Each structure stands twice: as structure tokens, then as C-alpha cells.
file query.csv (CSV, C-alpha atoms)
chain,number,residue,atom,x,y,z
C,1,MET,CA,88.3,115.9,93.8
C,2,ASP,CA,89.4,113.5,96.5
C,3,GLY,CA,89.7,115.4,99.8
C,4,ASP,CA,92.4,113.0,101.0
C,5,ARG,CA,94.8,114.1,98.3
C,6,SER,CA,96.7,117.2,97.4
C,7,TYR,CA,97.8,118.2,93.9
C,8,LEU,CA,100.9,120.2,93.2
C,9,LEU,CA,103.1,121.6,90.5
C,10,PHE,CA,106.8,121.3,90.9
C,11,CYS,CA,109.4,123.3,88.9
C,12,PRO,CA,112.6,123.4,91.0
C,13,PRO,CA,114.2,125.5,92.2
C,14,HIS,CA,110.8,127.3,92.4
C,15,LEU,CA,108.8,126.3,95.5
C,16,PRO,CA,105.9,123.9,95.0
C,17,LEU,CA,102.5,125.3,94.0
C,18,ARG,CA,99.4,123.7,95.4
C,19,LEU,CA,96.4,123.5,93.1
C,20,GLY,CA,92.9,124.3,94.1
C,21,ALA,CA,89.6,123.2,92.6
C,22,ASP,CA,88.1,126.7,92.6
C,23,THR,CA,90.9,128.8,91.2
C,24,PRO,CA,92.8,128.2,88.0
C,25,ALA,CA,96.6,128.5,88.2
C,26,ALA,CA,98.2,130.5,85.4
C,27,ILE,CA,101.8,129.9,84.4
C,28,GLY,CA,103.9,132.6,82.7
C,29,ARG,CA,106.4,135.4,82.8
C,30,HIS,CA,104.0,138.0,84.3
C,31,SER,CA,104.0,138.6,88.1
C,32,SER,CA,100.3,138.1,88.2
C,33,CYS,CA,100.7,134.4,87.4
C,34,GLU,CA,100.5,131.8,90.2
C,35,LEU,CA,103.6,130.1,88.9
C,36,VAL,CA,106.1,132.8,87.6
C,37,LEU,CA,108.8,131.7,85.1
C,38,ARG,CA,111.0,134.6,84.3
C,39,LYS,CA,112.4,133.3,81.0
C,40,ASP,CA,112.5,134.8,77.5
C,41,ASP,CA,111.0,131.6,76.0
C,42,VAL,CA,107.9,131.9,78.3
C,43,SER,CA,104.9,134.1,77.3
C,44,ARG,CA,103.5,136.6,79.8
C,45,ARG,CA,100.5,134.3,80.5
C,46,HIS,CA,101.6,131.1,78.8
C,47,ALA,CA,99.3,128.3,80.1
C,48,GLU,CA,96.7,127.5,82.7
C,49,VAL,CA,96.0,124.5,84.9
C,50,PHE,CA,92.4,124.2,86.0
C,51,HIS,CA,89.9,121.8,87.6
C,52,GLU,CA,87.1,120.4,85.6
C,53,GLY,CA,85.0,117.2,85.6
C,54,GLY,CA,86.7,115.7,88.6
C,55,GLY,CA,90.3,116.2,87.5
C,56,PHE,CA,92.9,118.8,86.6
C,57,ARG,CA,93.5,119.9,83.0
C,58,ILE,CA,95.9,122.2,81.2
C,59,ARG,CA,95.4,124.5,78.3
C,60,ASP,CA,97.7,126.8,76.3
C,61,LEU,CA,96.8,130.5,76.5
C,62,GLY,CA,97.9,131.5,73.0
C,63,SER,CA,101.6,131.4,73.9
C,64,THR,CA,104.3,132.1,71.3
C,65,ASN,CA,106.2,128.8,71.7
C,66,GLY,CA,103.3,126.5,72.7
C,67,THR,CA,102.8,124.1,75.6
C,68,PHE,CA,103.9,120.5,75.6
C,69,LEU,CA,102.7,117.6,77.7
C,70,ASN,CA,105.1,114.6,78.0
C,71,GLY,CA,106.8,115.8,74.8
C,72,GLU,CA,103.7,116.3,72.7
C,73,ALA,CA,102.2,119.7,71.8
C,74,ILE,CA,98.9,120.0,73.6
C,75,GLU,CA,95.6,120.5,71.8
C,76,GLY,CA,92.5,121.5,73.7
C,77,SER,CA,92.6,120.8,77.4
C,78,PRO,CA,94.1,117.4,78.2
C,79,VAL,CA,93.7,115.8,81.6
C,80,LEU,CA,96.8,115.7,83.8
C,81,ASN,CA,97.9,112.5,85.5
C,82,ALA,CA,100.3,112.1,88.4
C,83,GLY,CA,103.9,112.3,87.1
C,84,ASP,CA,103.0,114.2,83.9
C,85,LYS,CA,105.6,116.6,82.7
C,86,ILE,CA,104.5,120.0,81.4
C,87,GLU,CA,107.1,121.7,79.1
C,88,ILE,CA,106.9,125.5,78.9
C,89,GLY,CA,109.9,126.9,77.0
C,90,SER,CA,112.9,125.4,78.6
C,91,SER,CA,111.1,124.8,81.9
C,92,ILE,CA,109.8,121.4,83.0
C,93,ILE,CA,106.9,121.3,85.5
C,94,VAL,CA,105.8,118.0,87.1
C,95,PHE,CA,102.2,117.5,88.1
C,96,CYS,CA,102.2,115.5,91.4
C,97,GLN,CA,99.5,113.9,93.5
C,98,VAL,CA,100.3,113.5,97.2
C,99,ASP,CA,98.1,111.2,99.4
C,100,GLY,CA,97.0,112.9,102.6
C,101,ASP,CA,96.6,116.5,103.6
C,102,VAL,CA,99.4,118.9,102.8
C,103,GLY,CA,99.3,122.0,104.8
C,104,MET,CA,100.2,125.2,103.0
C,105,VAL,CA,101.7,128.5,104.1
C,106,ASP,CA,102.3,131.8,102.2
C,107,ASP,CA,105.7,132.2,100.6
C,108,GLU,CA,107.7,135.4,100.9
C,109,PRO,CA,105.5,138.4,99.8
C,110,SER,CA,107.9,139.1,96.8
C,111,ALA,CA,107.1,135.7,95.4
C,112,ALA,CA,103.5,136.6,94.6
C,113,LYS,CA,101.0,133.7,95.0
C,114,THR,CA,103.5,130.8,95.1
C,115,MET,CA,102.7,128.3,98.0
C,116,ILE,CA,104.9,125.7,99.7
C,117,ALA,CA,104.2,122.4,101.4
C,118,GLU,CA,104.4,122.5,105.2
C,119,ARG,CA,104.0,118.8,106.1
C,120,LEU,CA,104.2,115.5,104.4
C,121,PRO,CA,101.3,113.0,103.8
C,122,ALA,CA,102.3,110.9,106.8
C,123,THR,CA,102.6,111.2,110.5
C,124,SER,CA,106.1,111.8,112.0
C,125,ALA,CA,106.2,108.1,113.1
C,126,GLU,CA,105.3,106.6,109.7
C,127,ALA,CA,107.3,105.8,106.7
C,128,PHE,CA,105.9,106.5,103.2
C,129,GLN,CA,106.9,105.3,99.8
C,130,GLY,CA,106.0,105.6,96.2
C,131,ASP,CA,107.0,105.8,92.5
C,132,LEU,CA,109.5,108.3,91.2
C,133,SER,CA,107.4,108.6,88.0
C,134,GLU,CA,104.7,110.2,90.2
C,135,ILE,CA,106.8,112.2,92.6
C,136,PRO,CA,110.4,112.8,91.3
C,137,PRO,CA,113.4,113.2,93.7
C,138,ASP,CA,113.5,117.0,93.5
C,139,ALA,CA,109.8,117.2,94.5
C,140,LEU,CA,110.5,114.8,97.4
C,141,LEU,CA,113.4,116.8,98.7
C,142,GLN,CA,111.4,120.0,98.5
C,143,LEU,CA,108.6,118.4,100.5
C,144,LEU,CA,111.1,117.2,103.1
C,145,GLU,CA,112.7,120.6,103.3
C,146,MET,CA,109.4,122.5,103.7
C,147,GLY,CA,108.2,120.0,106.3
C,148,ARG,CA,111.5,120.2,108.1
C,149,LYS,CA,111.6,116.4,108.2
C,150,SER,CA,114.4,114.2,109.6
C,151,GLY,CA,115.1,110.7,108.4
C,152,LEU,CA,116.4,108.6,105.5
C,153,LEU,CA,115.2,109.0,101.9
C,154,GLU,CA,116.1,105.8,100.0
C,155,LEU,CA,115.8,105.6,96.2
C,156,ARG,CA,116.1,102.5,94.0
C,157,SER,CA,116.4,103.5,90.3
C,158,ARG,CA,117.8,102.1,87.1
C,159,ASP,CA,121.1,103.8,88.1
C,160,GLY,CA,121.2,101.8,91.4
C,161,LYS,CA,120.5,102.6,95.0
C,162,GLY,CA,120.9,106.0,96.6
C,163,ARG,CA,120.3,107.3,100.1
C,164,ILE,CA,120.0,110.8,101.5
C,165,TRP,CA,119.8,111.6,105.2
C,166,MET,CA,117.8,114.7,106.2
C,167,ASP,CA,118.0,116.6,109.5
C,168,ALA,CA,115.2,119.1,110.1
C,169,GLY,CA,114.8,119.6,106.3
C,170,TYR,CA,118.5,119.8,105.5
C,171,PRO,CA,120.4,117.1,103.6
C,172,VAL,CA,123.4,116.1,105.8
C,173,HIS,CA,124.8,113.0,104.1
C,174,ALA,CA,124.2,111.0,100.9
C,175,GLU,CA,125.5,107.7,99.5
C,176,THR,CA,125.4,106.0,96.1
C,177,GLU,CA,127.3,103.0,94.8
C,178,LYS,CA,129.8,105.4,93.2
C,179,ALA,CA,129.9,108.6,95.4
C,180,LEU,CA,129.5,110.2,98.8
C,181,GLY,CA,128.3,113.6,100.0
C,182,PHE,CA,127.2,116.4,97.7
C,183,ASP,CA,128.1,114.5,94.5
C,184,ALA,CA,126.0,111.6,95.6
C,185,ALA,CA,123.0,113.8,96.4
C,186,VAL,CA,123.2,115.5,93.0
C,187,ALA,CA,123.2,112.1,91.3
C,188,ILE,CA,120.2,111.0,93.3
C,189,VAL,CA,118.3,114.1,92.4
C,190,SER,CA,118.8,113.2,88.7
C,191,SER,CA,117.2,109.8,89.1
C,192,VAL,CA,114.1,109.5,86.8
C,193,GLU,CA,112.7,106.0,87.3
C,194,GLY,CA,112.3,103.7,90.2
C,195,ARG,CA,110.9,103.7,93.7
C,196,PHE,CA,111.4,105.7,96.9
C,197,ARG,CA,110.9,105.2,100.6
C,198,PHE,CA,111.3,107.7,103.4
C,199,GLU,CA,112.0,106.4,107.0
C,200,PRO,CA,111.5,109.2,109.6
C,201,GLN,CA,113.9,109.7,112.5
C,202,VAL,CA,116.7,107.6,111.0
C,203,ALA,CA,119.9,109.5,111.7
C,204,SER,CA,123.4,109.4,110.2
C,205,ASP,CA,126.6,109.9,112.1
C,206,ASP,CA,128.2,111.3,109.0
C,207,ARG,CA,128.0,114.9,108.0
C,208,THR,CA,129.3,115.3,104.4
C,209,ILE,CA,126.8,117.9,103.0
C,210,THR,CA,126.6,121.6,104.0
C,211,ALA,CA,124.4,122.7,101.0
C,212,SER,CA,120.7,123.3,101.1
C,213,VAL,CA,118.1,121.4,99.1
C,214,THR,CA,117.9,124.5,96.7
C,215,GLU,CA,121.6,124.4,96.1
C,216,LEU,CA,121.5,120.7,95.3
C,217,LEU,CA,118.6,121.3,92.9
C,218,LEU,CA,120.4,124.2,91.2
C,219,GLU,CA,123.6,122.1,90.7
C,220,ALA,CA,121.6,119.1,89.3
C,221,SER,CA,119.8,121.5,87.0
C,222,ARG,CA,123.1,123.0,85.8
C,223,LEU,CA,124.6,119.6,85.1
C,224,GLN,CA,121.5,118.5,83.2
C,225,ASP,CA,121.5,121.6,81.1
C,226,GLU,CA,125.2,121.1,80.3
C,227,ALA,CA,124.5,117.5,79.3
C,228,ALA,CA,121.6,118.6,77.1
C,229,ARG,CA,123.7,121.2,75.3
C,230,ALA,CA,126.5,118.7,74.8
C,231,GLY,CA,124.1,116.2,73.2
C,232,ARG,CA,122.8,118.7,70.6

call {"tool": "encode", "arguments": {"input": "query.csv", "output": "C-alpha cells"}}
result
Amino acid sequence: MDGDRSYLLFCPPHLPLRLGADTPAAIGRHSSCELVLRKDDVSRRHAEVFHEGGGFRIRDLGSTNGTFLNGEAIEGSPVLNAGDKIEIGSSIIVFCQVDGDVGMVDDEPSAAKTMIAERLPATSAEAFQGDLSEIPPDALLQLLEMGRKSGLLELRSRDGKGRIWMDAGYPVHAETEKALGFDAAVAIVSSVEGRFRFEPQVASDDRTITASVTELLLEASRLQDEAARAGR
């Protein structure tokens, strides 16, 4: 495994889970799992992500509802690639690769073994950029929040251009072609394709958002669930 890269699982609003080469990460309803999903459609120990042959793989642990990778039921132990989406019950987990070292700190004791990112893969004076298919907007915002970063996150997707200004890890202002403030930030979080760029230390004079990143992600998740139910 490349020592200059970090590998993480993102399942907002849960905090990011860093993967290690030596210890498999179990996903399930039981509190002993590294990523705990307390939902009725998730088995106690549902699936497991582990390192083998130079990469990370996933396998189902005999779950009731099965484990899906990019919409397909998994068989055996397929290799994970950056941006892959793991579906466990109604939860979607994104496998992300982050260039550079990502420091980790323990989460609250009540959250078992979940870990969070402490700093981004760039120095405070450097911009960084990438593809939303590999690091989606919700994962980006969690990294910025955990790293207490200040600056401008700009996304260009099929839905247009969106910008979110961060101040010490908090979203303070957002703009899209159709909205401002909280509504704009929620729309940006829902972007699924395109590119992103983060410019540190770029401030905004406007203050239109008082919510945290977690509140933004919860609202985006609620709206996506409502849209999914309406489309059934």
C-alpha cells in the first residue's frame, strides 16, 4: 500500500473511517464493528473491508440482505477502487483515496472505533483539487470540517457551478446559479459528477449559513430520501 496515500470510508453523517492494512474493518449493526450502522436492514456484522494483495477488498459476512458494490451484488472479495459505492441496506458508503498523509484522532468514546480526519492532504498554503467521482462533496466537507480549514471550495458539476466558503471548518456562505446560503450548500452537497478545487484562506464577506456540516449533510440526505420515495 502506498505510504503517501490514505484510504477512508465515508457514510455521512457518520464520521470518516480510516482503513489500515493490518486490521480489517467490519461494517454492521453491532457496536463491535469499526463502522456501526444502526439500521434494521443491516446485519449485526454485515460486511468487511480488508487489505490484500496491495489493495483493499470487500466481502459479505453472510448478511441477510447482501452487500452491493456500484449497484451489483458482490460475489467473493472484489477489489475496491476510489469512488466505489458500497450499498449496505439503505446506507451508501463511499471508498475514497486521499493523496498525502491524513492525521487521525480518536472520536468520542461512545462512538466505538470510528476515526476522523484531522488534516487535509495539502499544506495550509496550497490548493488541492480532484474528481467528485473519487471524493464526493459530503466527504470533502467532512475533511474540511475535521481539519478546521478556511477557504473556498468550488465545484463544477453537470448541475453547474457551486461555491462554499469555510471558516475554521464551518460553512459560512454558499452560492450556486440558482440559490444562496443554506439551500445552495445543500444543492452543492448533492452534486454527483464533476470536479472540485479548494483554495485555502479565501474569505467571504457574506455570512448566510449558521448550520454545521453535519446539519447540511442531514438535510441533503433527507431530501434525497424524499426524492427516492417519490420516484418509487

call {"tool": "atom_distance", "arguments": {"input": "query.csv", "atom1": "atom CA of Ser90 of chain C", "atom2": "atom CA of Gln142 of chain C"}}
result
20.7 Å

call {"tool": "atom_distance", "arguments": {"input": "query.csv", "atom1": "atom CA of Pro24 of chain C", "atom2": "atom CA of Asp40 of chain C"}}
result
23.3 Å

call {"tool": "closest_residue", "arguments": {"input": "query.csv", "among": "C:Leu144, C:Ala184, C:Leu132, C:Val36", "to": "Glu48 of chain C", "atoms": "all atoms listed in the file"}}
result
C:Val36

call {"tool": "closest_residue", "arguments": {"input": "query.csv", "among": "C:Pro137, C:Gly20, C:Pro171, C:Pro13", "to": "Arg156 of chain C", "atoms": "all atoms listed in the file"}}
result
C:Pro137

call {"tool": "closest_residue", "arguments": {"input": "query.csv", "among": "C:Asp41, C:Asp131, C:Glu154, C:Asp84", "to": "Phe198 of chain C", "atoms": "all atoms listed in the file"}}
result
C:Glu154

call {"tool": "residues_around", "arguments": {"input": "query.csv", "residues": "Ser204 of chain C", "least_positions_apart": "6", "cutoff": "12 Å", "atoms": "only C-alpha atoms", "output": "PyMOL selection string"}}
result
chain C and resi 150-153+163-167+171-175

call {"tool": "closest_residue", "arguments": {"input": "query.csv", "among": "C:Ala21, C:Ala139, C:Val213, C:Val49", "to": "Pro78 of chain C", "atoms": "only C-alpha atoms"}}
result
C:Val49

call {"tool": "residues_around", "arguments": {"input": "query.csv", "residues": "segment 42-44 of chain C", "least_positions_apart": "2", "cutoff": "6 Å", "atoms": "only C-alpha atoms", "output": "PDB file with C-alpha atoms, in the frame of the given file"}}
result
ATOM      1  CA  GLY C  28     103.900 132.600  82.700  1.00  0.00           C
ATOM      2  CA  ARG C  29     106.400 135.400  82.800  1.00  0.00           C
ATOM      3  CA  HIS C  30     104.000 138.000  84.300  1.00  0.00           C
ATOM      4  CA  LYS C  39     112.400 133.300  81.000  1.00  0.00           C
ATOM      5  CA  ASP C  40     112.500 134.800  77.500  1.00  0.00           C
ATOM      6  CA  HIS C  46     101.600 131.100  78.800  1.00  0.00           C
ATOM      7  CA  SER C  63     101.600 131.400  73.900  1.00  0.00           C
ATOM      8  CA  GLY C  89     109.900 126.900  77.000  1.00  0.00           C
TER       9      GLY C  89
END

call {"tool": "residues_around", "arguments": {"input": "query.csv", "residues": "Tyr170 of chain C", "least_positions_apart": "6", "cutoff": "8 Å", "atoms": "only C-alpha atoms", "output": "list in words"}}
result
Glu145, Arg148, Ala211, Ser212 and Val213 of chain C

call {"tool": "write_last_selection", "arguments": {"input": "query.csv", "atoms": "C-alpha atoms", "output": "short mmCIF file (atom, residue, chain, number, x, y, z; two decimals), in the frame of the given file"}}
result
data_model
loop_
_atom_site.label_atom_id
_atom_site.label_comp_id
_atom_site.auth_asym_id
_atom_site.auth_seq_id
_atom_site.Cartn_x
_atom_site.Cartn_y
_atom_site.Cartn_z
CA GLU C 145 112.70 120.60 103.30
CA ARG C 148 111.50 120.20 108.10
CA ALA C 211 124.40 122.70 101.00
CA SER C 212 120.70 123.30 101.10
CA VAL C 213 118.10 121.40 99.10
#

call {"tool": "closest_atom_pairs", "arguments": {"input": "query.csv", "of": "segment 119-216 of chain C", "to": "segment 79-83 of chain C", "cutoff": "7 Å", "atoms": "only C-alpha atoms", "output": "CSV"}}
result
residue,atom,partner,partner_atom,distance
C:Ser133,CA,C:Gly83,CA,5.2
C:Glu134,CA,C:Gly83,CA,3.8
C:Ile135,CA,C:Gly83,CA,6.2

call {"tool": "residues_around", "arguments": {"input": "query.csv", "residues": "Ala47 of chain C", "least_positions_apart": "2", "cutoff": "7 Å", "atoms": "all atoms listed in the file", "output": "PyMOL selection string"}}
result
chain C and resi 26-28+45+49+59-61

call {"tool": "build_atoms", "arguments": {"input": "query.csv", "residues": "segment 135-155 of chain C", "atoms": "N, CA, C and O atoms", "output": "mmCIF file, in the frame of the given file"}}
result
data_model
loop_
_atom_site.group_PDB
_atom_site.id
_atom_site.type_symbol
_atom_site.label_atom_id
_atom_site.label_comp_id
_atom_site.auth_asym_id
_atom_site.auth_seq_id
_atom_site.Cartn_x
_atom_site.Cartn_y
_atom_site.Cartn_z
ATOM 1 N N ILE C 135 106.217 111.130 91.834
ATOM 2 C CA ILE C 135 106.800 112.200 92.600
ATOM 3 C C ILE C 135 108.336 112.078 92.466
ATOM 4 O O ILE C 135 108.987 111.229 93.065
ATOM 5 N N PRO C 136 108.941 112.900 91.618
ATOM 6 C CA PRO C 136 110.400 112.800 91.300
ATOM 7 C C PRO C 136 111.219 113.237 92.544
ATOM 8 O O PRO C 136 110.719 113.877 93.476
ATOM 9 N N PRO C 137 112.524 112.900 92.530
ATOM 10 C CA PRO C 137 113.400 113.200 93.700
ATOM 11 C C PRO C 137 113.423 114.665 94.074
ATOM 12 O O PRO C 137 113.454 114.986 95.270
ATOM 13 N N ASP C 138 113.435 115.588 93.090
ATOM 14 C CA ASP C 138 113.500 117.000 93.500
ATOM 15 C C ASP C 138 112.246 117.432 94.212
ATOM 16 O O ASP C 138 112.323 118.197 95.179
ATOM 17 N N ALA C 139 111.084 116.910 93.813
ATOM 18 C CA ALA C 139 109.800 117.200 94.500
ATOM 19 C C ALA C 139 109.862 116.632 95.937
ATOM 20 O O ALA C 139 109.431 117.279 96.903
ATOM 21 N N LEU C 140 110.365 115.410 96.062
ATOM 22 C CA LEU C 140 110.500 114.800 97.400
ATOM 23 C C LEU C 140 111.321 115.606 98.328
ATOM 24 O O LEU C 140 110.954 115.847 99.490
ATOM 25 N N LEU C 141 112.482 116.039 97.832
ATOM 26 C CA LEU C 141 113.400 116.800 98.700
ATOM 27 C C LEU C 141 112.766 118.143 99.081
ATOM 28 O O LEU C 141 112.943 118.613 100.211
ATOM 29 N N GLN C 142 112.028 118.765 98.172
ATOM 30 C CA GLN C 142 111.400 120.000 98.500
ATOM 31 C C GLN C 142 110.311 119.795 99.602
ATOM 32 O O GLN C 142 110.164 120.603 100.524
ATOM 33 N N LEU C 143 109.563 118.696 99.508
ATOM 34 C CA LEU C 143 108.600 118.400 100.500
ATOM 35 C C LEU C 143 109.234 118.154 101.895
ATOM 36 O O LEU C 143 108.762 118.631 102.930
ATOM 37 N N LEU C 144 110.338 117.417 101.884
ATOM 38 C CA LEU C 144 111.100 117.200 103.100
ATOM 39 C C LEU C 144 111.636 118.439 103.718
ATOM 40 O O LEU C 144 111.624 118.644 104.937
ATOM 41 N N GLU C 145 112.137 119.311 102.836
ATOM 42 C CA GLU C 145 112.700 120.600 103.300
ATOM 43 C C GLU C 145 111.616 121.457 103.901
ATOM 44 O O GLU C 145 111.781 121.997 104.998
ATOM 45 N N MET C 146 110.507 121.610 103.189
ATOM 46 C CA MET C 146 109.400 122.500 103.700
ATOM 47 C C MET C 146 108.791 121.935 104.948
ATOM 48 O O MET C 146 108.351 122.688 105.801
ATOM 49 N N GLY C 147 108.748 120.600 105.067
ATOM 50 C CA GLY C 147 108.200 120.000 106.300
ATOM 51 C C GLY C 147 109.182 119.851 107.393
ATOM 52 O O GLY C 147 108.847 119.364 108.467
ATOM 53 N N ARG C 148 110.445 120.274 107.145
ATOM 54 C CA ARG C 148 111.500 120.200 108.100
ATOM 55 C C ARG C 148 111.642 118.766 108.703
ATOM 56 O O ARG C 148 111.742 118.555 109.904
ATOM 57 N N LYS C 149 111.634 117.798 107.794
ATOM 58 C CA LYS C 149 111.600 116.400 108.200
ATOM 59 C C LYS C 149 113.057 115.872 108.420
ATOM 60 O O LYS C 149 114.010 116.301 107.779
ATOM 61 N N SER C 150 113.156 114.937 109.338
ATOM 62 C CA SER C 150 114.400 114.200 109.600
ATOM 63 C C SER C 150 114.207 112.758 109.340
ATOM 64 O O SER C 150 113.184 112.178 109.702
ATOM 65 N N GLY C 151 115.203 112.139 108.693
ATOM 66 C CA GLY C 151 115.100 110.700 108.400
ATOM 67 C C GLY C 151 115.902 110.347 107.181
ATOM 68 O O GLY C 151 116.755 111.099 106.716
ATOM 69 N N LEU C 152 115.624 109.160 106.650
ATOM 70 C CA LEU C 152 116.400 108.600 105.500
ATOM 71 C C LEU C 152 115.473 108.462 104.305
ATOM 72 O O LEU C 152 114.435 107.796 104.357
ATOM 73 N N LEU C 153 115.871 109.101 103.203
ATOM 74 C CA LEU C 153 115.200 109.000 101.900
ATOM 75 C C LEU C 153 116.023 107.989 101.071
ATOM 76 O O LEU C 153 117.174 108.273 100.744
ATOM 77 N N GLU C 154 115.424 106.856 100.737
ATOM 78 C CA GLU C 154 116.100 105.800 100.000
ATOM 79 C C GLU C 154 115.454 105.685 98.600
ATOM 80 O O GLU C 154 114.226 105.566 98.508
ATOM 81 N N LEU C 155 116.263 105.704 97.537
ATOM 82 C CA LEU C 155 115.800 105.600 96.200
ATOM 83 C C LEU C 155 116.409 104.368 95.509
ATOM 84 O O LEU C 155 117.619 104.143 95.641
#
